[in-house]
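K.L.:
Here it is, the structure, as structure tokens.
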Amino acid sequence: MESKDLTKETSILFVDDEEVIRKSFTRELQMEHFAVTAVASGSEALRALEGKQYDLVITDLMMPDVDGFGVLKATKKLAPLTSVIILTGYGDMQSAIDALRLGADDFARKPCEVEELIFRIRRCMDKRNLLLGRKRSEEALREREERHRSILNASPDGIVITDMEGQVLMISPKGLTMFGYDPKDKGQGHMITDFIAPAYRDHLLSNFSIKADGLMSGPDEYLGLRKDGTTFAIEVNSDFIRSEDGQPANTVYVVRDITERKRAEEEKMSLQAQLIHAQKMEAIGTLAGGIAHDFNNLLSLILGYTEMARAATPPDSLVAQKLEKVLEAGQRSVALVKQILAFSHRTDTERIPLNPVHIVKEAIKLLRPSLPSTIVIRQQIDTSNRQILADPTQIHQILMNLCTNAFHAMEQTGGALEITLKDCELSQSDLHQHPEVSPGSFVVLSISDTGTGIDPEISDKIFDPYFTTKAIGKGTGMGLAIVHGIITSYGGFITSKNNVGNGTVFQVFFPAVKEGIGPEAKPVEAAPPGTGHILLIDDEVMLAELDKEMLEQLGYEITVQTSSLEALAAFRDQPNRFEAVITDQTMPGMTGIDLAKQMLQIRSDIPIILCTGYSTLVSEEQAKTEGIREFAIKPLSKTKIALLLKKILTERKTK
């Protein structure tokens, strides 16, 4: 048979009570040169069918007077050879199936693209022309088979049709491929449970059992079972094919492979977890900065007054010795604040190029007396000339934290603590799990124990601040978090290898540097005396009084202001009265850097020292860019503030 131009010969009756849809599809189909008659109700469609025979009827399923089922029945009664396409809502799968059972040729879900509808029109007309002249019973049978095959083959999902006992009657080629079977296999002889992992079979049968109201539950997620025994994530929807009396006759299962979706969800969850962790660390860092600011102010008072008290006490007296202990404790507190800020990535500590071999050996000597005899220390310290850029105190702290954790893991049973230090080279491929780290030369510190190991369920939390499994009094939960913060700030990384029941190995990778990099060690200097009128600004009254007393002891004349706004007014009235300005950064009304800017506009040559206990708003580089001569971190010793004053006043005189 020669192919014909179906577009010009096809007459269509379009039935829909929604004016926008009716007019839109009519216009689009007429543009494709179909002969379209559009009516707004099922009753109008019945009258049109009585007056004329159409090649095709396209009818909405849900209409107020005569619905799509009525139009379908009337069409098949008045014109058995007229094709019918049902338009139905997306979720009304059962209605579409019932319509197909009653003789509909095809169905399309709203919203429907005109291209899809034209495709279905042409397919219906092709079928109609092929079946002209054949017996009606043969035509109906062939059309039903073709409809079933079309639905099965066109679906992007696997479709399985079973009887009510779960025996497979038909499975789509996509379904066969999905479950690892040859597409030529028809699926007969299988039960629906053959395609579900054993652990999920009872759930599927109960979840999709017939409810009292005749509805099916779902969709739900399962593990599908392939022919080769492997499993994969699937989503299953189901519905019934009902007999003429409305009773369920068969079950249709629509199966979707959701492997990629599950993988995407897992990646999303992983990214969310990383974001939450980053936000948590940021919050802790903000808290640490606030604590550091207040704590440094307190330390300034403690150290300053202790230093002055010691200077006023005979050097060999018992009081002088006790004051020296107070100063030592204060300096340790200063170091602790620096460590907290380093952990939270809020500040850089003073780093020097050093060979860690000597520090590690010295730490082991200090460690040995504190461990019980049931724990053996083994060391393998390779001799190396490689240097790292680090704070010696922090290297000592890293080693002691890791060794303390190892000791606690073996405290009850005893065991072996092994400490190794060696060189290594890491390429980009070696660092695929640490993309933020640059490849090159490293010095690796390894601490291993033979303790109980770390529970895999908590292995991803061990570097979290305040997370600990130790009993009260055994630790704060900050040890590993601080180690992680320190090594990350160095541009290195830390790893842990866990063998449950057989111990843990921590490896710390320090980037190696060339010799000579970093600040040179400076000799210790005494606090030099001086002269000149200094404007001192600090909203902390006790700190202002302390600094005034220390500077007056050195020979300076001091004017104190505890308000930045009042200080600016005093400076504006007599800008040439002062040789230098020392100001705190964090003050109400106006910050130290803003105050300095205003003063420099009034008198550009005034030397200014900006002091802060901690601030995220200004750095040393920013301060000096604005014309501030020196930037100092509290607490400030008498010697340090004296040296800074001497420096800026000397520089002023030489200009």
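Following the order of the structure tokens, first chain is A, next is B, and so on, with residues numbered from 1 inside each chain and ligands from 1 in the order they appear.
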Write out as an NGL selection string each polymer residue whose atoms come within 12 Å of Gly70 of chain A, counting only C-alpha atoms; drop sequence neighbours fewer than 6 positions from it.
P.N.:
:A and (15 or 41-46 or 59-64 or 76-77 or 84 or 86 or 99 or 102-104)
K.L.:
Pull N, CA and C atoms from the residues just selected and write them as a JSON list (two decimals), in the first residue's frame.
P.N.:
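The file below, part_5.json, is the result:
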[["chain", "number", "residue", "atom", "x", "y", "z"],
["A", 15, "VAL", "N", -12.52, 17.23, 21.73],
["A", 15, "VAL", "CA", -13.51, 17.47, 22.78],
["A", 15, "VAL", "C", -12.78, 17.81, 24.08],
["A", 41, "SER", "N", -18.03, 20.21, 24.99],
["A", 41, "SER", "CA", -18.63, 19.29, 25.96],
["A", 41, "SER", "C", -18.85, 17.93, 25.33],
["A", 42, "GLY", "N", -19.09, 16.94, 26.21],
["A", 42, "GLY", "CA", -19.37, 15.59, 25.72],
["A", 42, "GLY", "C", -20.68, 15.52, 24.96],
["A", 43, "SER", "N", -21.71, 16.27, 25.39],
["A", 43, "SER", "CA", -23.00, 16.24, 24.70],
["A", 43, "SER", "C", -22.88, 16.82, 23.30],
["A", 44, "GLU", "N", -22.07, 17.90, 23.14],
["A", 44, "GLU", "CA", -21.85, 18.45, 21.81],
["A", 44, "GLU", "C", -21.12, 17.43, 20.92],
["A", 45, "ALA", "N", -20.23, 16.67, 21.52],
["A", 45, "ALA", "CA", -19.51, 15.65, 20.76],
["A", 45, "ALA", "C", -20.45, 14.56, 20.26],
["A", 46, "LEU", "N", -21.43, 14.16, 21.12],
["A", 46, "LEU", "CA", -22.38, 13.13, 20.70],
["A", 46, "LEU", "C", -23.20, 13.61, 19.51],
["A", 59, "THR", "N", -10.52, 13.18, 23.07],
["A", 59, "THR", "CA", -11.45, 13.65, 24.10],
["A", 59, "THR", "C", -10.80, 13.67, 25.47],
["A", 60, "ASP", "N", -11.12, 14.76, 26.20],
["A", 60, "ASP", "CA", -10.72, 14.83, 27.61],
["A", 60, "ASP", "C", -11.50, 13.78, 28.38],
["A", 61, "LEU", "N", -10.92, 13.25, 29.45],
["A", 61, "LEU", "CA", -11.57, 12.18, 30.20],
["A", 61, "LEU", "C", -12.56, 12.74, 31.22],
["A", 62, "MET", "N", -12.20, 13.82, 31.88],
["A", 62, "MET", "CA", -13.05, 14.36, 32.93],
["A", 62, "MET", "C", -13.79, 15.60, 32.44],
["A", 63, "MET", "N", -15.12, 15.47, 32.17],
["A", 63, "MET", "CA", -15.97, 16.59, 31.74],
["A", 63, "MET", "C", -17.28, 16.52, 32.50],
["A", 64, "PRO", "N", -17.94, 17.66, 32.71],
["A", 64, "PRO", "CA", -19.08, 17.71, 33.64],
["A", 64, "PRO", "C", -20.35, 16.98, 33.19],
["A", 76, "LYS", "N", -17.43, 4.35, 19.52],
["A", 76, "LYS", "CA", -17.28, 2.96, 19.09],
["A", 76, "LYS", "C", -18.62, 2.35, 18.65],
["A", 77, "LYS", "N", -19.71, 2.90, 19.20],
["A", 77, "LYS", "CA", -21.03, 2.40, 18.80],
["A", 77, "LYS", "C", -21.44, 2.96, 17.43],
["A", 84, "VAL", "N", -9.79, 6.67, 18.81],
["A", 84, "VAL", "CA", -10.03, 7.55, 19.95],
["A", 84, "VAL", "C", -8.74, 7.66, 20.78],
["A", 86, "ILE", "N", -7.46, 9.36, 24.35],
["A", 86, "ILE", "CA", -7.95, 9.90, 25.62],
["A", 86, "ILE", "C", -6.90, 10.86, 26.19],
["A", 99, "ALA", "N", -9.86, 3.06, 30.05],
["A", 99, "ALA", "CA", -10.23, 3.56, 28.72],
["A", 99, "ALA", "C", -9.66, 2.67, 27.62],
["A", 102, "LEU", "N", -11.75, -0.32, 27.26],
["A", 102, "LEU", "CA", -13.03, -0.06, 26.60],
["A", 102, "LEU", "C", -12.88, 0.22, 25.11],
["A", 103, "GLY", "N", -11.64, 0.25, 24.63],
["A", 103, "GLY", "CA", -11.46, 0.39, 23.18],
["A", 103, "GLY", "C", -10.71, 1.62, 22.75],
["A", 104, "ALA", "N", -10.25, 2.44, 23.66],
["A", 104, "ALA", "CA", -9.47, 3.61, 23.27],
["A", 104, "ALA", "C", -8.19, 3.15, 22.58]]
K.L.:
Would you list the contacts of segment 191-204 of chain A as an mmCIF file with N, CA and C atoms, in the first residue's frame, taking every protein, DNA or RNA residue within 6 Å and counting only C-alpha atoms, but skipping same-chain residues closer than 5 positions in sequence?
P.N.:
data_model
loop_
_atom_site.group_PDB
_atom_site.id
_atom_site.type_symbol
_atom_site.label_atom_id
_atom_site.label_comp_id
_atom_site.auth_asym_id
_atom_site.auth_seq_id
_atom_site.Cartn_x
_atom_site.Cartn_y
_atom_site.Cartn_z
ATOM 1 N N GLY A 166 1.190 -12.798 41.663
ATOM 2 C CA GLY A 166 2.566 -12.363 41.450
ATOM 3 C C GLY A 166 3.273 -13.079 40.329
ATOM 4 N N GLN A 167 2.581 -13.957 39.583
ATOM 5 C CA GLN A 167 3.186 -14.649 38.443
ATOM 6 C C GLN A 167 3.345 -13.658 37.289
ATOM 7 N N VAL A 168 4.545 -13.583 36.715
ATOM 8 C CA VAL A 168 4.806 -12.616 35.651
ATOM 9 C C VAL A 168 4.121 -13.063 34.358
ATOM 10 N N LEU A 223 15.781 -2.912 46.902
ATOM 11 C CA LEU A 223 16.971 -3.376 46.194
ATOM 12 C C LEU A 223 16.521 -4.385 45.158
ATOM 13 N N GLY A 224 16.766 -4.060 43.878
ATOM 14 C CA GLY A 224 16.446 -4.995 42.810
ATOM 15 C C GLY A 224 17.504 -6.081 42.724
ATOM 16 N N LEU A 225 17.107 -7.245 42.190
ATOM 17 C CA LEU A 225 18.019 -8.392 42.077
ATOM 18 C C LEU A 225 18.197 -8.743 40.612
#
K.L.:
List every residue of segment 371-579 of chain A that DSSP, applied to the backbone of this structure, places in helix (DSSP H, G or I), and write the result as a PDB file with C-alpha atoms, in the first residue's frame.
P.N.:
ATOM      1  CA  PRO A 392      58.735  24.657  68.244  1.00  0.00           C
ATOM      2  CA  THR A 393      56.144  24.790  71.011  1.00  0.00           C
ATOM      3  CA  GLN A 394      53.455  23.568  68.633  1.00  0.00           C
ATOM      4  CA  ILE A 395      55.614  20.669  67.400  1.00  0.00           C
ATOM      5  CA  HIS A 396      56.112  19.627  71.002  1.00  0.00           C
ATOM      6  CA  GLN A 397      52.356  19.971  71.598  1.00  0.00           C
ATOM      7  CA  ILE A 398      51.474  17.816  68.568  1.00  0.00           C
ATOM      8  CA  LEU A 399      53.759  15.028  69.724  1.00  0.00           C
ATOM      9  CA  MET A 400      52.524  15.143  73.341  1.00  0.00           C
ATOM     10  CA  ASN A 401      48.835  15.179  72.324  1.00  0.00           C
ATOM     11  CA  LEU A 402      49.196  12.172  70.033  1.00  0.00           C
ATOM     12  CA  CYS A 403      51.321  10.239  72.529  1.00  0.00           C
ATOM     13  CA  THR A 404      48.853  10.985  75.340  1.00  0.00           C
ATOM     14  CA  ASN A 405      46.014   9.587  73.240  1.00  0.00           C
ATOM     15  CA  ALA A 406      48.091   6.486  72.523  1.00  0.00           C
ATOM     16  CA  PHE A 407      48.824   6.073  76.239  1.00  0.00           C
ATOM     17  CA  HIS A 408      45.116   6.265  77.132  1.00  0.00           C
ATOM     18  CA  ALA A 409      44.361   3.593  74.518  1.00  0.00           C
ATOM     19  CA  MET A 410      46.830   1.209  76.199  1.00  0.00           C
ATOM     20  CA  SER A 429      48.360  11.633  42.751  1.00  0.00           C
ATOM     21  CA  ASP A 430      49.466  10.772  46.291  1.00  0.00           C
ATOM     22  CA  LEU A 431      47.490  13.788  47.529  1.00  0.00           C
ATOM     23  CA  PRO A 456      34.601   2.941  62.793  1.00  0.00           C
ATOM     24  CA  GLU A 457      31.290   4.644  63.606  1.00  0.00           C
ATOM     25  CA  ILE A 458      33.112   7.612  65.150  1.00  0.00           C
ATOM     26  CA  GLY A 479      43.711  17.475  71.530  1.00  0.00           C
ATOM     27  CA  LEU A 480      43.213  16.094  68.033  1.00  0.00           C
ATOM     28  CA  ALA A 481      41.256  19.171  66.969  1.00  0.00           C
ATOM     29  CA  ILE A 482      44.206  21.419  67.910  1.00  0.00           C
ATOM     30  CA  VAL A 483      46.676  19.089  66.173  1.00  0.00           C
ATOM     31  CA  HIS A 484      44.501  19.169  63.057  1.00  0.00           C
ATOM     32  CA  GLY A 485      44.292  22.981  63.184  1.00  0.00           C
ATOM     33  CA  ILE A 486      48.047  23.414  63.619  1.00  0.00           C
ATOM     34  CA  ILE A 487      49.125  21.082  60.820  1.00  0.00           C
ATOM     35  CA  THR A 488      46.480  22.494  58.451  1.00  0.00           C
ATOM     36  CA  SER A 489      47.785  26.024  59.087  1.00  0.00           C
ATOM     37  CA  VAL A 541      40.573  51.433  82.643  1.00  0.00           C
ATOM     38  CA  MET A 542      42.813  48.947  84.486  1.00  0.00           C
ATOM     39  CA  LEU A 543      44.884  48.295  81.350  1.00  0.00           C
ATOM     40  CA  ALA A 544      45.231  52.018  80.708  1.00  0.00           C
ATOM     41  CA  GLU A 545      46.436  52.574  84.280  1.00  0.00           C
ATOM     42  CA  LEU A 546      48.906  49.674  84.013  1.00  0.00           C
ATOM     43  CA  ASP A 547      50.402  50.906  80.725  1.00  0.00           C
ATOM     44  CA  LYS A 548      50.605  54.468  82.092  1.00  0.00           C
ATOM     45  CA  GLU A 549      52.536  53.286  85.151  1.00  0.00           C
ATOM     46  CA  MET A 550      54.931  51.109  83.084  1.00  0.00           C
ATOM     47  CA  LEU A 551      55.677  53.920  80.614  1.00  0.00           C
ATOM     48  CA  GLU A 552      56.101  56.546  83.312  1.00  0.00           C
ATOM     49  CA  GLN A 553      58.683  54.256  84.973  1.00  0.00           C
ATOM     50  CA  LEU A 554      60.580  54.363  81.674  1.00  0.00           C
ATOM     51  CA  SER A 564      38.247  57.038  71.516  1.00  0.00           C
ATOM     52  CA  LEU A 565      35.906  59.975  70.755  1.00  0.00           C
ATOM     53  CA  GLU A 566      37.271  62.051  73.657  1.00  0.00           C
ATOM     54  CA  ALA A 567      40.812  61.114  72.618  1.00  0.00           C
ATOM     55  CA  LEU A 568      40.154  62.414  69.094  1.00  0.00           C
ATOM     56  CA  ALA A 569      38.759  65.671  70.501  1.00  0.00           C
ATOM     57  CA  ALA A 570      41.819  66.134  72.733  1.00  0.00           C
ATOM     58  CA  PHE A 571      44.183  65.433  69.837  1.00  0.00           C
ATOM     59  CA  ARG A 572      42.296  67.814  67.535  1.00  0.00           C
ATOM     60  CA  ASP A 573      42.609  70.615  70.114  1.00  0.00           C
ATOM     61  CA  PRO A 575      47.808  67.928  67.773  1.00  0.00           C
ATOM     62  CA  ASN A 576      51.437  68.985  68.393  1.00  0.00           C
ATOM     63  CA  ARG A 577      51.281  68.237  72.123  1.00  0.00           C
TER      64      ARG A 577
END
K.L.:
What does the distance from atom CA of Asp126 of chain A to atom CA of Leu81 of chain A come to in Å, to one decimal?
P.N.:
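Result for atom CA of Asp126 of chain A versus atom CA of Leu81 of chain A: 12.5 Å, one decimal.
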K.L.:
I'd like the contact shell of Ile375 of chain A - 10 Å cut-off, only C-alpha atoms, skipping same-chain residues fewer than 6 positions apart - returned as number ranges by chain.
P.N.:
A: 368, 406-407, 410-411, 413-417, 449-450
K.L.:
Please, what distance in Å, to one decimal, runs between atom CA of Phe107 of chain A and atom CA of Leu87 of chain A?
P.N.:
5.8 Å
K.L.:
So which residues touch Cys124 of chain A within 12 Å, counting only C-alpha atoms, skipping near sequence neighbours fewer than 6 positions away, as a VMD selection string?
P.N.:
chain A and resid 6 10 12 55 to 58 81 to 86 104 to 107 117 to 118 130 to 131 143 146 to 147 150
K.L.:
Only N, CA and C atoms, please: the residues just picked out, written as a PDB file, in the first residue's frame.
P.N.:
ATOM      1  N   LEU A   6      -1.485  11.681   5.520  1.00  0.00           N
ATOM      2  CA  LEU A   6      -2.550  11.534   6.504  1.00  0.00           C
ATOM      3  C   LEU A   6      -3.026  12.886   7.014  1.00  0.00           C
ATOM      4  N   THR A  10      -7.043  13.581   7.309  1.00  0.00           N
ATOM      5  CA  THR A  10      -7.519  13.206   8.631  1.00  0.00           C
ATOM      6  C   THR A  10      -8.469  14.263   9.186  1.00  0.00           C
ATOM      7  N   ILE A  12     -10.628  15.371  12.490  1.00  0.00           N
ATOM      8  CA  ILE A  12     -10.508  15.162  13.931  1.00  0.00           C
ATOM      9  C   ILE A  12     -11.620  15.898  14.655  1.00  0.00           C
ATOM     10  N   ASP A  55     -12.354  10.571  11.375  1.00  0.00           N
ATOM     11  CA  ASP A  55     -11.271   9.591  11.413  1.00  0.00           C
ATOM     12  C   ASP A  55     -10.756   9.382  12.849  1.00  0.00           C
ATOM     13  N   LEU A  56     -10.835  10.450  13.640  1.00  0.00           N
ATOM     14  CA  LEU A  56     -10.231  10.396  14.974  1.00  0.00           C
ATOM     15  C   LEU A  56     -11.006  11.295  15.931  1.00  0.00           C
ATOM     16  N   VAL A  57     -11.194  10.808  17.151  1.00  0.00           N
ATOM     17  CA  VAL A  57     -11.774  11.615  18.226  1.00  0.00           C
ATOM     18  C   VAL A  57     -10.720  11.732  19.333  1.00  0.00           C
ATOM     19  N   ILE A  58     -10.421  12.987  19.713  1.00  0.00           N
ATOM     20  CA  ILE A  58      -9.529  13.254  20.852  1.00  0.00           C
ATOM     21  C   ILE A  58     -10.392  13.867  21.938  1.00  0.00           C
ATOM     22  N   LEU A  81     -14.839   2.145  13.423  1.00  0.00           N
ATOM     23  CA  LEU A  81     -13.495   2.285  12.861  1.00  0.00           C
ATOM     24  C   LEU A  81     -12.845   3.620  13.211  1.00  0.00           C
ATOM     25  N   THR A  82     -13.588   4.483  13.888  1.00  0.00           N
ATOM     26  CA  THR A  82     -13.012   5.778  14.286  1.00  0.00           C
ATOM     27  C   THR A  82     -12.079   5.568  15.482  1.00  0.00           C
ATOM     28  N   SER A  83     -10.878   6.116  15.378  1.00  0.00           N
ATOM     29  CA  SER A  83      -9.895   5.998  16.461  1.00  0.00           C
ATOM     30  C   SER A  83     -10.197   7.013  17.558  1.00  0.00           C
ATOM     31  N   VAL A  84      -9.791   6.674  18.810  1.00  0.00           N
ATOM     32  CA  VAL A  84     -10.031   7.552  19.954  1.00  0.00           C
ATOM     33  C   VAL A  84      -8.742   7.661  20.780  1.00  0.00           C
ATOM     34  N   ILE A  85      -8.371   8.923  21.033  1.00  0.00           N
ATOM     35  CA  ILE A  85      -7.250   9.206  21.936  1.00  0.00           C
ATOM     36  C   ILE A  85      -7.821   9.891  23.168  1.00  0.00           C
ATOM     37  N   ILE A  86      -7.460   9.358  24.354  1.00  0.00           N
ATOM     38  CA  ILE A  86      -7.947   9.898  25.620  1.00  0.00           C
ATOM     39  C   ILE A  86      -6.897  10.860  26.190  1.00  0.00           C
ATOM     40  N   ALA A 104     -10.248   2.444  23.662  1.00  0.00           N
ATOM     41  CA  ALA A 104      -9.466   3.613  23.266  1.00  0.00           C
ATOM     42  C   ALA A 104      -8.186   3.154  22.578  1.00  0.00           C
ATOM     43  N   ASP A 105      -7.765   3.959  21.628  1.00  0.00           N
ATOM     44  CA  ASP A 105      -6.594   3.580  20.851  1.00  0.00           C
ATOM     45  C   ASP A 105      -5.291   4.048  21.496  1.00  0.00           C
ATOM     46  N   ASP A 106      -5.365   5.111  22.244  1.00  0.00           N
ATOM     47  CA  ASP A 106      -4.153   5.626  22.863  1.00  0.00           C
ATOM     48  C   ASP A 106      -4.556   6.623  23.949  1.00  0.00           C
ATOM     49  N   PHE A 107      -3.603   7.035  24.747  1.00  0.00           N
ATOM     50  CA  PHE A 107      -3.882   8.076  25.732  1.00  0.00           C
ATOM     51  C   PHE A 107      -2.637   8.938  25.883  1.00  0.00           C
ATOM     52  N   LEU A 117       1.251  14.784  20.820  1.00  0.00           N
ATOM     53  CA  LEU A 117      -0.109  14.491  20.361  1.00  0.00           C
ATOM     54  C   LEU A 117      -0.117  14.181  18.869  1.00  0.00           C
ATOM     55  N   ILE A 118       0.645  14.953  18.081  1.00  0.00           N
ATOM     56  CA  ILE A 118       0.717  14.690  16.630  1.00  0.00           C
ATOM     57  C   ILE A 118       1.314  13.314  16.382  1.00  0.00           C
ATOM     58  N   LEU A 130      -4.005   0.414   8.280  1.00  0.00           N
ATOM     59  CA  LEU A 130      -3.559  -0.966   8.136  1.00  0.00           C
ATOM     60  C   LEU A 130      -4.677  -1.973   8.416  1.00  0.00           C
ATOM     61  N   LEU A 131      -5.595  -1.568   9.291  1.00  0.00           N
ATOM     62  CA  LEU A 131      -6.632  -2.507   9.721  1.00  0.00           C
ATOM     63  C   LEU A 131      -7.942  -2.390   8.946  1.00  0.00           C
ATOM     64  N   GLU A 143      -5.177  -4.391  17.769  1.00  0.00           N
ATOM     65  CA  GLU A 143      -4.974  -3.070  18.347  1.00  0.00           C
ATOM     66  C   GLU A 143      -4.597  -3.155  19.835  1.00  0.00           C
ATOM     67  N   GLU A 146      -1.022  -4.291  20.085  1.00  0.00           N
ATOM     68  CA  GLU A 146      -0.113  -3.227  19.686  1.00  0.00           C
ATOM     69  C   GLU A 146      -0.030  -2.141  20.758  1.00  0.00           C
ATOM     70  N   ARG A 147      -1.164  -1.836  21.363  1.00  0.00           N
ATOM     71  CA  ARG A 147      -1.175  -0.837  22.430  1.00  0.00           C
ATOM     72  C   ARG A 147      -0.301  -1.283  23.597  1.00  0.00           C
ATOM     73  N   SER A 150       3.303  -1.073  22.579  1.00  0.00           N
ATOM     74  CA  SER A 150       3.726   0.317  22.472  1.00  0.00           C
ATOM     75  C   SER A 150       4.004   0.903  23.842  1.00  0.00           C
TER      76      SER A 150
END
K.L.:
So what do you get for atom CA of Glu328 of chain A versus atom CA of Ala390 of chain A, distance-wise?
P.N.:
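Interatomic distance, atom CA of Glu328 of chain A to atom CA of Ala390 of chain A: 22.0 Å.
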K.L.:
I want to know what sits within 10 Å of Val36 of chain A, based on only C-alpha atoms, with residues of the same chain fewer than 3 positions away left out; could you give that as an MDAnalysis selection string?
P.N.:
chainID A and resid 10:14 25:27 29:30 33 39 54 56:57
K.L.:
Write down as a list in words the residues belonging to segment 81-141 of chain A that are assigned strand (DSSP E) by DSSP computed on the backbone.
P.N.:
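DSSP-assigned strand (DSSP E) residues in segment 81-141 of chain A: Ser83, Val84, Ile85, Ile86, Leu87, Thr88, Asp106, Phe107, Ala108 and Arg109 of chain A.
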K.L.:
With N, CA and C atoms retained, write the just-selected residues as a PDB file, in the first residue's frame.
P.N.:
ATOM      1  N   SER A  83     -10.878   6.116  15.378  1.00  0.00           N
ATOM      2  CA  SER A  83      -9.895   5.998  16.461  1.00  0.00           C
ATOM      3  C   SER A  83     -10.197   7.013  17.558  1.00  0.00           C
ATOM      4  N   VAL A  84      -9.791   6.674  18.810  1.00  0.00           N
ATOM      5  CA  VAL A  84     -10.031   7.552  19.954  1.00  0.00           C
ATOM      6  C   VAL A  84      -8.742   7.661  20.780  1.00  0.00           C
ATOM      7  N   ILE A  85      -8.371   8.923  21.033  1.00  0.00           N
ATOM      8  CA  ILE A  85      -7.250   9.206  21.936  1.00  0.00           C
ATOM      9  C   ILE A  85      -7.821   9.891  23.168  1.00  0.00           C
ATOM     10  N   ILE A  86      -7.460   9.358  24.354  1.00  0.00           N
ATOM     11  CA  ILE A  86      -7.947   9.898  25.620  1.00  0.00           C
ATOM     12  C   ILE A  86      -6.897  10.860  26.190  1.00  0.00           C
ATOM     13  N   LEU A  87      -7.355  12.041  26.626  1.00  0.00           N
ATOM     14  CA  LEU A  87      -6.498  12.969  27.362  1.00  0.00           C
ATOM     15  C   LEU A  87      -6.822  12.836  28.845  1.00  0.00           C
ATOM     16  N   THR A  88      -5.802  12.550  29.657  1.00  0.00           N
ATOM     17  CA  THR A  88      -6.053  12.321  31.077  1.00  0.00           C
ATOM     18  C   THR A  88      -5.001  13.008  31.918  1.00  0.00           C
ATOM     19  N   ASP A 106      -5.365   5.111  22.244  1.00  0.00           N
ATOM     20  CA  ASP A 106      -4.153   5.626  22.863  1.00  0.00           C
ATOM     21  C   ASP A 106      -4.556   6.623  23.949  1.00  0.00           C
ATOM     22  N   PHE A 107      -3.603   7.035  24.747  1.00  0.00           N
ATOM     23  CA  PHE A 107      -3.882   8.076  25.732  1.00  0.00           C
ATOM     24  C   PHE A 107      -2.637   8.938  25.883  1.00  0.00           C
ATOM     25  N   ALA A 108      -2.866  10.180  26.296  1.00  0.00           N
ATOM     26  CA  ALA A 108      -1.782  11.121  26.535  1.00  0.00           C
ATOM     27  C   ALA A 108      -2.048  11.831  27.852  1.00  0.00           C
ATOM     28  N   ARG A 109      -0.967  12.003  28.616  1.00  0.00           N
ATOM     29  CA  ARG A 109      -1.113  12.655  29.908  1.00  0.00           C
ATOM     30  C   ARG A 109      -0.981  14.165  29.772  1.00  0.00           C
TER      31      ARG A 109
END
